[in-house]
>>> print(open('input_22.tsv').read())   # TSV, C-alpha atoms
chain	number	residue	atom	x	y	z
A	1	MET	CA	115.32	100.43	35.40
A	2	THR	CA	117.89	102.47	37.29
A	3	ASP	CA	120.65	104.35	35.52
A	4	THR	CA	123.21	101.91	36.92
A	5	ALA	CA	121.25	98.87	35.73
A	6	GLU	CA	120.75	100.44	32.31
A	7	GLU	CA	124.46	101.21	32.00
A	8	SER	CA	125.29	97.65	33.08
A	9	GLY	CA	122.92	96.28	30.44
A	10	GLN	CA	124.47	98.44	27.75
A	11	GLN	CA	127.94	97.34	28.80
A	12	SER	CA	126.91	93.68	28.68
A	13	ALA	CA	125.45	94.16	25.20
A	14	GLN	CA	128.68	95.79	24.04
A	15	GLU	CA	130.73	92.98	25.53
A	16	ARG	CA	128.57	90.36	23.79
A	17	LEU	CA	128.91	92.20	20.50
A	18	ARG	CA	132.68	92.41	20.98
A	19	GLU	CA	132.85	88.67	21.65
A	20	ARG	CA	130.74	87.95	18.56
A	21	ARG	CA	132.92	90.24	16.46
A	22	THR	CA	136.06	88.46	17.65
A	23	ALA	CA	134.57	85.04	16.91
A	24	ALA	CA	133.29	86.21	13.52
A	25	TYR	CA	136.72	87.57	12.64
A	26	GLN	CA	138.44	84.35	13.59
A	27	GLY	CA	135.94	82.32	11.58
A	28	ALA	CA	135.86	84.58	8.54
A	29	GLU	CA	137.21	83.18	5.30
A	30	ARG	CA	137.38	86.56	3.56
A	31	VAL	CA	138.63	89.79	5.12
A	32	LEU	CA	140.23	92.95	3.76
A	33	ALA	CA	142.97	92.82	6.38
A	34	ARG	CA	143.99	90.18	8.86
A	35	ALA	CA	145.84	92.06	11.59
A	36	GLY	CA	148.49	90.08	13.37
A	37	PHE	CA	147.47	91.23	16.84
A	38	ARG	CA	144.12	89.47	16.36
A	39	SER	CA	145.81	86.12	15.74
A	40	THR	CA	146.22	83.48	18.42
A	41	LEU	CA	149.45	83.28	20.39
A	42	ARG	CA	150.23	80.02	18.62
A	43	GLU	CA	149.84	81.64	15.21
A	44	ARG	CA	151.98	84.63	16.19
A	45	LEU	CA	154.77	82.46	17.54
A	46	ALA	CA	154.64	80.12	14.55
A	47	LEU	CA	155.02	83.03	12.13
A	48	LEU	CA	157.97	84.37	14.08
A	49	GLN	CA	159.58	80.95	14.24
A	50	ASP	CA	159.30	80.55	10.46
A	51	ALA	CA	160.43	84.06	9.52
A	52	ALA	CA	163.00	85.01	12.17
A	53	PRO	CA	165.91	82.94	10.73
A	54	GLN	CA	165.58	84.93	7.50
A	55	VAL	CA	166.21	88.29	9.19
A	56	TYR	CA	168.69	87.61	11.99
A	57	ASP	CA	171.23	85.01	13.07
A	58	LEU	CA	169.46	83.14	15.84
A	59	ASP	CA	172.73	81.64	17.06
A	60	GLU	CA	173.81	85.09	18.23
A	61	PRO	CA	173.47	85.89	21.96
A	62	GLY	CA	170.30	87.61	23.10
A	63	ASP	CA	170.06	91.32	23.85
A	64	MET	CA	170.57	92.91	27.23
A	65	TYR	CA	169.31	96.43	27.91
A	66	GLY	CA	169.28	97.49	24.27
A	67	ASN	CA	172.38	95.97	22.69
A	68	ARG	CA	173.02	93.37	19.95
A	69	ILE	CA	169.80	92.66	18.03
A	70	VAL	CA	168.26	95.92	19.28
A	71	GLU	CA	171.22	97.85	17.89
A	72	ALA	CA	170.89	95.97	14.60
A	73	LEU	CA	167.28	97.14	14.29
A	74	GLU	CA	168.25	100.70	15.20
A	75	GLU	CA	170.91	100.74	12.48
A	76	ARG	CA	168.43	99.35	9.94
A	77	VAL	CA	165.87	102.05	10.74
A	78	ALA	CA	168.44	104.86	10.61
A	79	ALA	CA	169.55	103.63	7.19
A	80	LEU	CA	165.98	103.43	5.87
A	81	LEU	CA	165.11	106.92	7.12
A	82	GLY	CA	168.46	108.47	6.21
A	83	THR	CA	169.21	109.71	9.73
A	84	GLU	CA	172.42	109.60	11.74
A	85	ALA	CA	170.98	107.32	14.39
A	86	ALA	CA	167.85	105.71	15.80
A	87	ALA	CA	166.76	104.40	19.21
A	88	PHE	CA	164.31	101.58	19.89
A	89	PHE	CA	161.49	102.30	22.36
A	90	PRO	CA	158.86	99.99	23.84
A	91	THR	CA	156.10	102.47	22.88
A	92	GLY	CA	155.63	105.40	20.53
A	93	THR	CA	154.07	107.43	23.34
A	94	MET	CA	157.34	107.24	25.27
A	95	ALA	CA	159.46	107.92	22.17
A	96	GLN	CA	157.60	111.09	21.25
A	97	GLN	CA	157.37	112.49	24.76
A	98	ILE	CA	161.11	112.10	25.12
A	99	ALA	CA	161.87	113.53	21.68
A	100	LEU	CA	159.81	116.65	22.34
A	101	ARG	CA	161.24	116.98	25.83
A	102	CYS	CA	164.78	116.85	24.42
A	103	TRP	CA	163.95	119.45	21.77
A	104	ALA	CA	162.44	121.72	24.42
A	105	GLY	CA	165.71	121.65	26.31
A	106	ARG	CA	167.63	122.56	23.17
A	107	THR	CA	165.32	125.32	21.94
A	108	GLY	CA	164.57	126.76	25.37
A	109	ASN	CA	160.85	126.71	24.55
A	110	ARG	CA	158.55	124.07	26.06
A	111	THR	CA	155.61	124.92	23.80
A	112	VAL	CA	154.73	122.26	21.22
A	113	ALA	CA	152.47	123.22	18.30
A	114	LEU	CA	150.34	120.37	16.97
A	115	HIS	CA	146.96	119.46	15.50
A	116	ALA	CA	143.90	119.16	17.75
A	117	LEU	CA	143.50	115.56	16.49
A	118	ALA	CA	147.15	114.62	17.01
A	119	HIS	CA	147.78	111.43	18.99
A	120	PRO	CA	149.10	113.17	22.15
A	121	GLU	CA	145.99	115.36	22.29
A	122	VAL	CA	143.44	112.58	21.77
A	123	HIS	CA	144.95	109.34	23.03
A	124	GLU	CA	147.58	110.05	25.70
A	125	ARG	CA	145.62	111.57	28.62
A	126	GLY	CA	147.56	114.81	28.61
A	127	ALA	CA	150.93	113.08	28.94
A	128	LEU	CA	152.92	115.85	27.23
A	129	SER	CA	151.92	118.20	30.03
A	130	GLU	CA	151.52	115.83	32.96
A	131	VAL	CA	154.68	113.79	32.39
A	132	GLY	CA	156.88	115.86	30.10
A	133	GLY	CA	156.16	119.30	31.48
A	134	LEU	CA	155.47	120.52	27.95
A	135	ARG	CA	152.76	122.92	26.80
A	136	PRO	CA	150.84	121.74	23.72
A	137	VAL	CA	149.02	124.35	21.64
A	138	ARG	CA	146.65	123.56	18.77
A	139	VAL	CA	147.49	125.08	15.42
A	140	THR	CA	144.19	123.95	13.88
A	141	SER	CA	141.28	121.56	14.41
A	142	GLU	CA	140.37	121.30	10.72
A	143	PRO	CA	140.30	117.69	9.38
A	144	ARG	CA	143.59	118.15	7.54
A	145	LEU	CA	147.20	118.92	8.37
A	146	PRO	CA	148.09	122.53	9.31
A	147	THR	CA	148.87	124.90	6.46
A	148	ALA	CA	152.00	127.01	6.10
A	149	GLU	CA	149.90	130.14	6.65
A	150	GLU	CA	148.47	128.79	9.91
A	151	VAL	CA	151.96	127.99	11.15
A	152	LEU	CA	153.35	131.40	10.14
A	153	ASP	CA	150.39	133.30	11.60
A	154	PHE	CA	150.10	131.36	14.87
A	155	GLU	CA	149.76	133.90	17.66
A	156	GLU	CA	152.52	132.75	20.00
A	157	PRO	CA	156.05	131.31	19.84
A	158	PHE	CA	156.64	127.56	19.93
A	159	GLY	CA	159.81	125.52	20.09
A	160	ALA	CA	158.64	122.49	18.11
A	161	LEU	CA	156.02	121.73	15.49
A	162	MET	CA	154.72	118.16	15.57
A	163	LEU	CA	153.10	116.79	12.40
A	164	GLU	CA	151.28	113.45	12.36
A	165	LEU	CA	151.76	111.77	8.97
A	166	PRO	CA	149.18	110.57	8.13
A	167	LEU	CA	146.68	112.22	10.48
A	168	ARG	CA	144.79	109.12	11.58
A	169	ASP	CA	141.75	110.61	13.33
A	170	ALA	CA	140.99	112.87	10.36
A	171	GLY	CA	140.85	109.87	8.02
A	172	PHE	CA	144.52	108.95	7.53
A	173	VAL	CA	144.99	112.13	5.52
A	174	LEU	CA	148.21	113.62	4.16
A	175	PRO	CA	149.06	117.00	2.65
A	176	SER	CA	150.59	117.26	-0.80
A	177	TRP	CA	154.39	117.21	-0.97
A	178	GLU	CA	154.40	120.92	-1.77
A	179	GLU	CA	152.11	121.64	1.20
A	180	LEU	CA	154.29	119.58	3.53
A	181	THR	CA	157.51	121.28	2.48
A	182	GLY	CA	155.78	124.65	2.87
A	183	VAL	CA	154.70	123.85	6.43
A	184	VAL	CA	158.21	122.72	7.34
A	185	GLU	CA	159.71	125.89	5.89
A	186	ALA	CA	157.18	127.99	7.80
A	187	ALA	CA	158.18	126.35	11.08
A	188	ARG	CA	161.83	126.97	10.33
A	189	GLU	CA	161.08	130.61	9.62
A	190	ARG	CA	159.79	130.75	13.18
A	191	ASP	CA	162.99	129.13	14.50
A	192	ALA	CA	161.12	125.97	15.49
A	193	VAL	CA	162.21	122.38	15.02
A	194	VAL	CA	159.94	119.90	13.21
A	195	HIS	CA	159.11	116.45	14.57
A	196	PHE	CA	157.16	113.90	12.52
A	197	ASP	CA	154.77	111.54	14.27
A	198	GLY	CA	155.39	108.94	11.60
A	199	ALA	CA	153.74	105.94	13.23
A	200	ARG	CA	152.43	105.16	9.75
A	201	LEU	CA	155.13	106.98	7.78
A	202	TRP	CA	156.08	103.73	6.06
A	203	GLU	CA	153.07	103.85	3.71
A	204	THR	CA	153.27	107.54	2.73
A	205	THR	CA	155.71	107.02	-0.14
A	206	VAL	CA	152.96	106.39	-2.72
A	207	HIS	CA	151.07	109.60	-1.94
A	208	PHE	CA	154.18	111.77	-1.77
A	209	GLY	CA	155.93	110.07	-4.66
A	210	ARG	CA	159.18	110.21	-2.65
A	211	PRO	CA	161.36	107.60	-0.90
A	212	LEU	CA	161.30	107.23	2.86
A	213	ASP	CA	164.62	108.96	3.45
A	214	GLU	CA	163.55	112.04	1.50
A	215	ILE	CA	160.28	112.28	3.44
A	216	ALA	CA	161.97	111.78	6.81
A	217	GLY	CA	164.72	114.18	5.79
A	218	LEU	CA	162.31	117.11	5.97
A	219	ALA	CA	162.06	116.78	9.75
A	220	ASP	CA	164.54	117.23	12.56
A	221	SER	CA	163.35	113.97	14.15
A	222	VAL	CA	160.95	111.17	13.25
A	223	TYR	CA	159.10	108.49	15.20
A	224	VAL	CA	157.99	105.28	13.47
A	225	SER	CA	155.94	102.33	14.74
A	226	PHE	CA	156.64	98.66	14.13
A	227	TYR	CA	153.13	97.31	14.70
A	228	LYS	CA	150.71	99.75	13.07
A	229	SER	CA	151.73	98.97	9.49
A	230	LEU	CA	154.47	96.37	9.78
A	231	ASP	CA	152.48	93.93	11.95
A	232	GLY	CA	155.15	93.61	14.62
A	233	PHE	CA	154.47	92.70	18.24
A	234	GLY	CA	154.95	96.33	19.28
A	235	GLY	CA	157.73	98.83	19.69
A	236	ALA	CA	158.80	102.05	18.02
A	237	ALA	CA	161.91	103.96	17.01
A	238	LEU	CA	163.01	107.57	17.29
A	239	ALA	CA	165.35	108.66	14.49
A	240	GLY	CA	167.32	111.85	14.08
A	241	PRO	CA	170.70	113.46	14.84
A	242	ARG	CA	173.07	111.24	16.81
A	243	THR	CA	173.35	113.70	19.69
A	244	LEU	CA	169.56	113.85	20.07
A	245	VAL	CA	169.23	110.06	19.92
A	246	GLU	CA	171.91	109.57	22.57
A	247	GLU	CA	170.17	112.05	24.85
A	248	ALA	CA	166.87	110.29	24.18
A	249	LYS	CA	168.40	106.97	25.27
A	250	THR	CA	169.29	108.53	28.62
A	251	TRP	CA	165.68	109.64	29.05
A	252	ARG	CA	164.50	106.23	27.85
A	253	HIS	CA	166.24	104.74	30.87
A	254	ARG	CA	164.70	107.35	33.18
A	255	TYR	CA	161.22	106.65	31.80
A	256	GLY	CA	161.60	102.91	32.44
A	257	GLY	CA	162.12	101.99	28.80
A	258	ALA	CA	165.50	100.27	29.23
A	259	ILE	CA	163.99	96.78	29.20
A	260	PHE	CA	166.20	93.78	30.03
A	261	GLN	CA	165.40	91.74	26.88
A	262	GLN	CA	163.28	92.70	23.90
A	263	PHE	CA	164.34	90.23	21.22
A	264	PRO	CA	160.84	88.81	20.45
A	265	THR	CA	159.47	92.29	19.69
A	266	VAL	CA	162.62	93.33	17.83
A	267	LEU	CA	162.61	90.13	15.76
A	268	SER	CA	159.00	90.79	14.79
A	269	ALA	CA	159.97	94.35	13.77
A	270	LEU	CA	162.79	93.03	11.56
A	271	VAL	CA	160.34	90.55	10.01
A	272	GLY	CA	157.91	93.39	9.34
A	273	LEU	CA	160.58	95.46	7.63
A	274	GLU	CA	161.48	92.46	5.49
A	275	ARG	CA	157.98	91.25	4.62
A	276	GLU	CA	155.45	94.04	5.00
A	277	LEU	CA	157.40	97.19	4.14
A	278	PRO	CA	157.95	96.21	0.46
A	279	ARG	CA	154.24	95.37	0.09
A	280	LEU	CA	152.81	98.60	1.47
A	281	PRO	CA	152.73	100.39	-1.93
A	282	GLU	CA	150.68	97.47	-3.28
A	283	TYR	CA	148.28	97.76	-0.34
A	284	VAL	CA	147.89	101.50	-0.93
A	285	SER	CA	147.20	100.99	-4.62
A	286	HIS	CA	144.56	98.33	-3.96
A	287	ALA	CA	142.97	100.36	-1.17
A	288	ARG	CA	142.03	102.87	-3.87
A	289	VAL	CA	140.32	100.09	-5.84
A	290	VAL	CA	138.43	98.98	-2.72
A	291	ALA	CA	137.44	102.54	-1.81
A	292	ALA	CA	136.02	103.22	-5.28
A	293	ALA	CA	134.10	99.93	-5.22
A	294	LEU	CA	132.65	100.71	-1.78
A	295	ARG	CA	131.46	104.09	-2.98
A	296	GLU	CA	129.88	102.60	-6.11
A	297	GLY	CA	128.43	99.69	-4.15
A	298	PHE	CA	126.60	101.91	-1.68
A	299	ALA	CA	125.20	104.02	-4.51
A	300	GLU	CA	123.99	100.93	-6.36
A	301	ALA	CA	122.46	99.56	-3.14
A	302	GLY	CA	120.37	102.71	-2.77
A	303	VAL	CA	121.99	104.13	0.34
A	304	PRO	CA	120.94	107.79	0.19
A	305	TRP	CA	124.22	109.15	1.52
A	306	ALA	CA	127.58	107.48	2.01
A	307	ARG	CA	131.09	108.77	2.13
A	308	VAL	CA	134.48	107.18	1.69
A	309	HIS	CA	137.10	109.53	3.11
A	310	PRO	CA	139.44	110.44	1.58
A	311	GLU	CA	137.68	109.77	-1.71
A	312	GLU	CA	140.99	108.43	-3.03
A	313	PRO	CA	142.80	107.05	0.04
A	314	HIS	CA	146.18	108.59	0.81
A	315	THR	CA	147.39	105.34	2.41
A	316	HIS	CA	146.04	101.78	2.68
A	317	GLN	CA	143.60	102.96	5.38
A	318	PHE	CA	140.55	105.21	5.15
A	319	GLN	CA	137.17	105.96	6.74
A	320	VAL	CA	133.63	105.00	5.73
A	321	TRP	CA	130.69	107.14	6.90
A	322	LEU	CA	127.08	105.89	6.66
A	323	PRO	CA	123.68	107.37	7.68
A	324	TYR	CA	122.73	104.69	10.20
A	325	ASP	CA	123.15	104.36	13.94
A	326	ALA	CA	126.49	102.82	14.87
A	327	ASP	CA	124.78	99.92	16.71
A	328	VAL	CA	122.77	99.04	13.59
A	329	LEU	CA	125.90	99.06	11.45
A	330	ALA	CA	127.86	97.01	13.97
A	331	GLU	CA	125.14	94.35	14.16
A	332	ALA	CA	124.91	94.12	10.36
A	333	ALA	CA	128.68	93.76	10.04
A	334	VAL	CA	128.83	90.93	12.59
A	335	ARG	CA	125.82	89.09	11.17
A	336	GLN	CA	127.28	89.25	7.69
A	337	ALA	CA	130.49	87.62	8.91
A	338	GLU	CA	128.63	85.02	10.98
A	339	GLU	CA	126.32	84.01	8.12
A	340	THR	CA	128.54	84.36	5.05
A	341	LYS	CA	132.12	84.08	6.44
A	342	THR	CA	132.84	87.40	4.72
A	343	LEU	CA	133.88	90.24	7.01
A	344	LEU	CA	133.63	93.54	5.17
A	345	PHE	CA	133.92	95.84	8.19
A	346	GLY	CA	136.05	94.38	10.95
A	347	VAL	CA	136.65	97.55	12.98
A	348	PRO	CA	133.96	98.74	15.42
A	349	TRP	CA	131.60	101.45	14.22
A	350	ALA	CA	131.57	104.73	16.18
A	351	ARG	CA	128.83	107.34	16.47
A	352	CYS	CA	129.77	110.54	14.66
A	353	GLY	CA	126.44	112.38	14.93
A	354	PRO	CA	122.72	111.63	15.24
A	355	GLY	CA	122.00	108.54	13.16
A	356	MET	CA	125.54	108.51	11.74
A	357	GLY	CA	128.27	105.90	12.02
A	358	VAL	CA	131.92	105.85	10.98
A	359	THR	CA	134.49	103.06	10.78
A	360	GLU	CA	138.00	102.53	9.49
A	361	VAL	CA	138.96	100.21	6.64
A	362	THR	CA	142.42	98.74	6.16
A	363	VAL	CA	143.58	96.84	3.07
A	364	GLN	CA	146.44	94.39	3.52
A	365	ALA	CA	147.53	91.10	1.97
A	366	ASP	CA	144.14	89.35	2.28
A	367	GLY	CA	142.43	92.32	0.69
A	368	LEU	CA	144.47	91.98	-2.49
A	369	GLU	CA	142.32	88.98	-3.38
A	370	TRP	CA	139.17	91.12	-3.54
A	371	THR	CA	138.14	92.44	-6.94
A	372	ALA	CA	135.98	95.54	-7.28
A	373	ASP	CA	133.00	93.27	-8.03
A	374	ASP	CA	133.71	91.26	-4.87
A	375	VAL	CA	133.58	94.46	-2.83
A	376	LYS	CA	130.34	95.62	-4.42
A	377	ALA	CA	128.70	92.23	-3.86
A	378	ALA	CA	129.71	92.34	-0.19
A	379	VAL	CA	128.33	95.88	0.09
A	380	ALA	CA	124.98	94.82	-1.37
A	381	ASP	CA	124.77	91.95	1.11
A	382	PHE	CA	125.76	94.23	4.01
A	383	VAL	CA	123.14	96.86	3.14
A	384	SER	CA	120.44	94.17	2.90
A	385	ARG	CA	121.13	93.33	6.55
A	386	LEU	CA	120.69	96.86	7.87
A	387	ALA	CA	117.59	97.46	9.95
A	388	ASP	CA	114.78	99.30	8.22
A	389	ASP	CA	115.50	102.47	10.15
A	390	ASN	CA	115.12	105.64	8.17
A	391	PRO	CA	118.64	106.88	7.44
A	392	ALA	CA	119.58	110.28	8.76
A	393	ALA	CA	119.19	113.17	6.43
A	394	ASP	CA	121.11	113.01	3.18
>>> encode(input="input_22.tsv", output="structure tokens")
Amino acid sequence: MTDTAEESGQQSAQERLRERRTAAYQGAERVLARAGFRSTLRERLALLQDAAPQVYDLDEPGDMYGNRIVEALEERVAALLGTEAAAFFPTGTMAQQIALRCWAGRTGNRTVALHALAHPEVHERGALSEVGGLRPVRVTSEPRLPTAEEVLDFEEPFGALMLELPLRDAGFVLPSWEELTGVVEAARERDAVVHFDGARLWETTVHFGRPLDEIAGLADSVYVSFYKSLDGFGGAALAGPRTLVEEAKTWRHRYGGAIFQQFPTVLSALVGLERELPRLPEYVSHARVVAAALREGFAEAGVPWARVHPEEPHTHQFQVWLPYDADVLAEAAVRQAEETKTLLFGVPWARCGPGMGVTEVTVQADGLEWTADDVKAAVADFVSRLADDNPAAD
């Protein structure tokens, strides 16, 4: 078989697995999280139709280029985060590029210090440099947020420090409150501004033991997402000083983000703030129950090495690492859902080393119905479906 034919076969196998996973998810009766974006269009529109009248007067005129309902959402976000103003953006990528570009103009330094696993470094194809003309530098690549010492001792000047809270690709991890305040103070000692990539900032209140406005108040600007935790259709907001936000709106227009009408997405964001935001602490608390049960379940099932990371989740999302090939784990997860209507692992497994797989687990409303014993029973069933490959070294 030629390399091209082999690659085509592998792609077809992946596509078939993806189709089976989608069908298994839709047919599952028990899941830990039922993400809105996986619902049908009919289901999404029905939810919006039912909930929208509770969050906004639908007899008001629609928005045009960012007024009316868009302004209402911006005011709501600014109030929640305790900032002077906020601006709605179609994507977080655009919001953050513009925020950092604006700060670079104000500080006179186009260097942005960030983590090697930060979203712009991993998921944006070099956009900070290619589009924004900025120069990202990596403070650390350790699977945690930068420390105050690393910020103070960094070998070159930078105009802005960007902190992703939580750091998704390291396992949705957060520093302690004392560590976070120390890092912010260190950046200020170096005359740098601090920007929070707070796509998932909404659920950090439990870990920090502080309200949203106090957390956001540490930074000079904050970006938040409306779909990652709040289950909206999309969209993001940049919050901070009024002068920065007004400048950002100018750049939003230049970047093509001044969209004619956005009311469906904005309505879904308002619904998320009303329905999901108050429940996030409950999700975080139960994620810790689920994580502990997963860890105990794998031990009881005889898996020689398994890791739930962080051991006690910092948010309602965390990673699971197992000593099996990712394809083996993916097949077992899909078969379990197909045969039992219970989907324990709904996110694809990724290879993280020879014979090692990692996935992400999210606990939302549907997951609250799972007891620790339910989780352990599902783990035992999942492990029984794994191929008889020898696990990688413990």
>>> closest_atom_pairs(input="input_22.tsv", of="stretch 235-290 of chain A", to="stretch 297-311 of chain A", cutoff="12 Å", atoms="only C-alpha atoms", output="tab-separated table")
residue	atom	partner	partner_atom	distance
A:Ala287	CA	A:Glu311	CA	10.8
A:Arg288	CA	A:Glu311	CA	8.4
A:Val289	CA	A:Glu311	CA	10.9
A:Val290	CA	A:Val308	CA	10.1
>>> atom_distance(input="input_22.tsv", atom1="atom CA of A:Glu150", atom2="atom CA of A:Ala187")
10.1 Å
>>> atom_distance(input="input_22.tsv", atom1="atom CA of A:Asp231", atom2="atom CA of A:Phe172")
17.6 Å
>>> atom_distance(input="input_22.tsv", atom1="atom CA of A:Leu280", atom2="atom CA of A:Ala293")
19.9 Å
>>> closest_residue(input="input_22.tsv", among="A:Ala160, A:Phe89, A:Gln26, A:Asp381", to="A:Glu71", atoms="only C-alpha atoms")
A:Phe89
>>> closest_residue(input="input_22.tsv", among="A:Ala378, A:Thr93, A:Pro120, A:Thr340", to="A:Glu296", atoms="all atoms listed in the file")
A:Ala378
>>> closest_residue(input="input_22.tsv", among="A:Arg335, A:Arg135, A:Arg106, A:Arg42", to="A:Leu17", atoms="all atoms listed in the file")
A:Arg335
>>> residues_around(input="input_22.tsv", residues="A:Arg200", least_positions_apart="5", cutoff="8 Å", atoms="all atoms listed in the file", output="PyMOL selection string")
chain A and resi 165-166+224-225+228-229
>>> closest_residue(input="input_22.tsv", among="A:Gly240, A:Pro281, A:Gly92, A:Pro211", to="A:Phe226", atoms="all atoms listed in the file")
A:Gly92
>>> closest_residue(input="input_22.tsv", among="A:Leu47, A:Leu80, A:Ala365, A:Ala95", to="A:Glu282", atoms="only C-alpha atoms")
A:Ala365
>>> decode(input="input_22.tsv", residues="stretch 123-140 of chain A", atoms="N, CA, C and O atoms", output="compact mmCIF listing (two decimals), in the first residue's frame")
# COMPACT_ATOMS: atom_id res chain seq x y z
N HIS A 123 -3.16 27.70 19.06
CA HIS A 123 -4.37 27.53 18.25
C HIS A 123 -4.67 28.66 17.26
O HIS A 123 -5.74 28.66 16.67
N GLU A 124 -3.77 29.62 17.10
CA GLU A 124 -4.12 30.77 16.25
C GLU A 124 -3.18 30.98 15.06
O GLU A 124 -3.20 32.04 14.43
N ARG A 125 -2.34 30.00 14.75
CA ARG A 125 -1.49 30.04 13.56
C ARG A 125 -0.63 31.30 13.49
O ARG A 125 -0.48 31.92 12.43
N GLY A 126 -0.10 31.68 14.64
CA GLY A 126 0.82 32.82 14.66
C GLY A 126 0.17 34.15 14.40
O GLY A 126 0.82 35.10 13.93
N ALA A 127 -1.13 34.28 14.74
CA ALA A 127 -1.87 35.49 14.38
C ALA A 127 -1.33 36.74 15.08
O ALA A 127 -1.38 37.83 14.50
N LEU A 128 -0.84 36.62 16.30
CA LEU A 128 -0.33 37.81 16.99
C LEU A 128 0.76 38.47 16.17
O LEU A 128 0.83 39.70 16.06
N SER A 129 1.62 37.66 15.58
CA SER A 129 2.71 38.20 14.76
C SER A 129 2.24 38.54 13.36
O SER A 129 2.50 39.64 12.85
N GLU A 130 1.56 37.60 12.70
CA GLU A 130 1.22 37.74 11.30
C GLU A 130 0.17 38.82 11.05
O GLU A 130 0.21 39.51 10.04
N VAL A 131 -0.78 38.95 11.97
CA VAL A 131 -1.85 39.93 11.78
C VAL A 131 -1.62 41.18 12.63
O VAL A 131 -1.77 42.30 12.15
N GLY A 132 -1.25 40.98 13.89
CA GLY A 132 -1.14 42.10 14.80
C GLY A 132 0.20 42.79 14.84
O GLY A 132 0.34 43.85 15.45
N GLY A 133 1.21 42.18 14.21
CA GLY A 133 2.54 42.77 14.25
C GLY A 133 3.17 42.76 15.63
O GLY A 133 4.08 43.54 15.92
N LEU A 134 2.69 41.85 16.48
CA LEU A 134 3.22 41.74 17.83
C LEU A 134 4.32 40.67 17.89
O LEU A 134 4.48 39.87 16.98
N ARG A 135 5.03 40.66 19.00
CA ARG A 135 6.14 39.71 19.16
C ARG A 135 5.92 38.91 20.44
O ARG A 135 6.26 39.35 21.53
N PRO A 136 5.34 37.71 20.33
CA PRO A 136 5.13 36.90 21.53
C PRO A 136 6.43 36.25 22.01
O PRO A 136 7.24 35.79 21.20
N VAL A 137 6.64 36.25 23.32
CA VAL A 137 7.76 35.55 23.93
C VAL A 137 7.21 34.66 25.03
O VAL A 137 6.25 35.01 25.71
N ARG A 138 7.83 33.51 25.21
CA ARG A 138 7.31 32.50 26.14
C ARG A 138 8.01 32.60 27.49
O ARG A 138 9.21 32.38 27.59
N VAL A 139 7.22 32.88 28.51
CA VAL A 139 7.78 33.01 29.85
C VAL A 139 8.15 31.64 30.40
O VAL A 139 9.18 31.47 31.05
N THR A 140 7.32 30.64 30.12
CA THR A 140 7.58 29.27 30.58
C THR A 140 6.81 28.30 29.72
O THR A 140 5.83 28.68 29.06
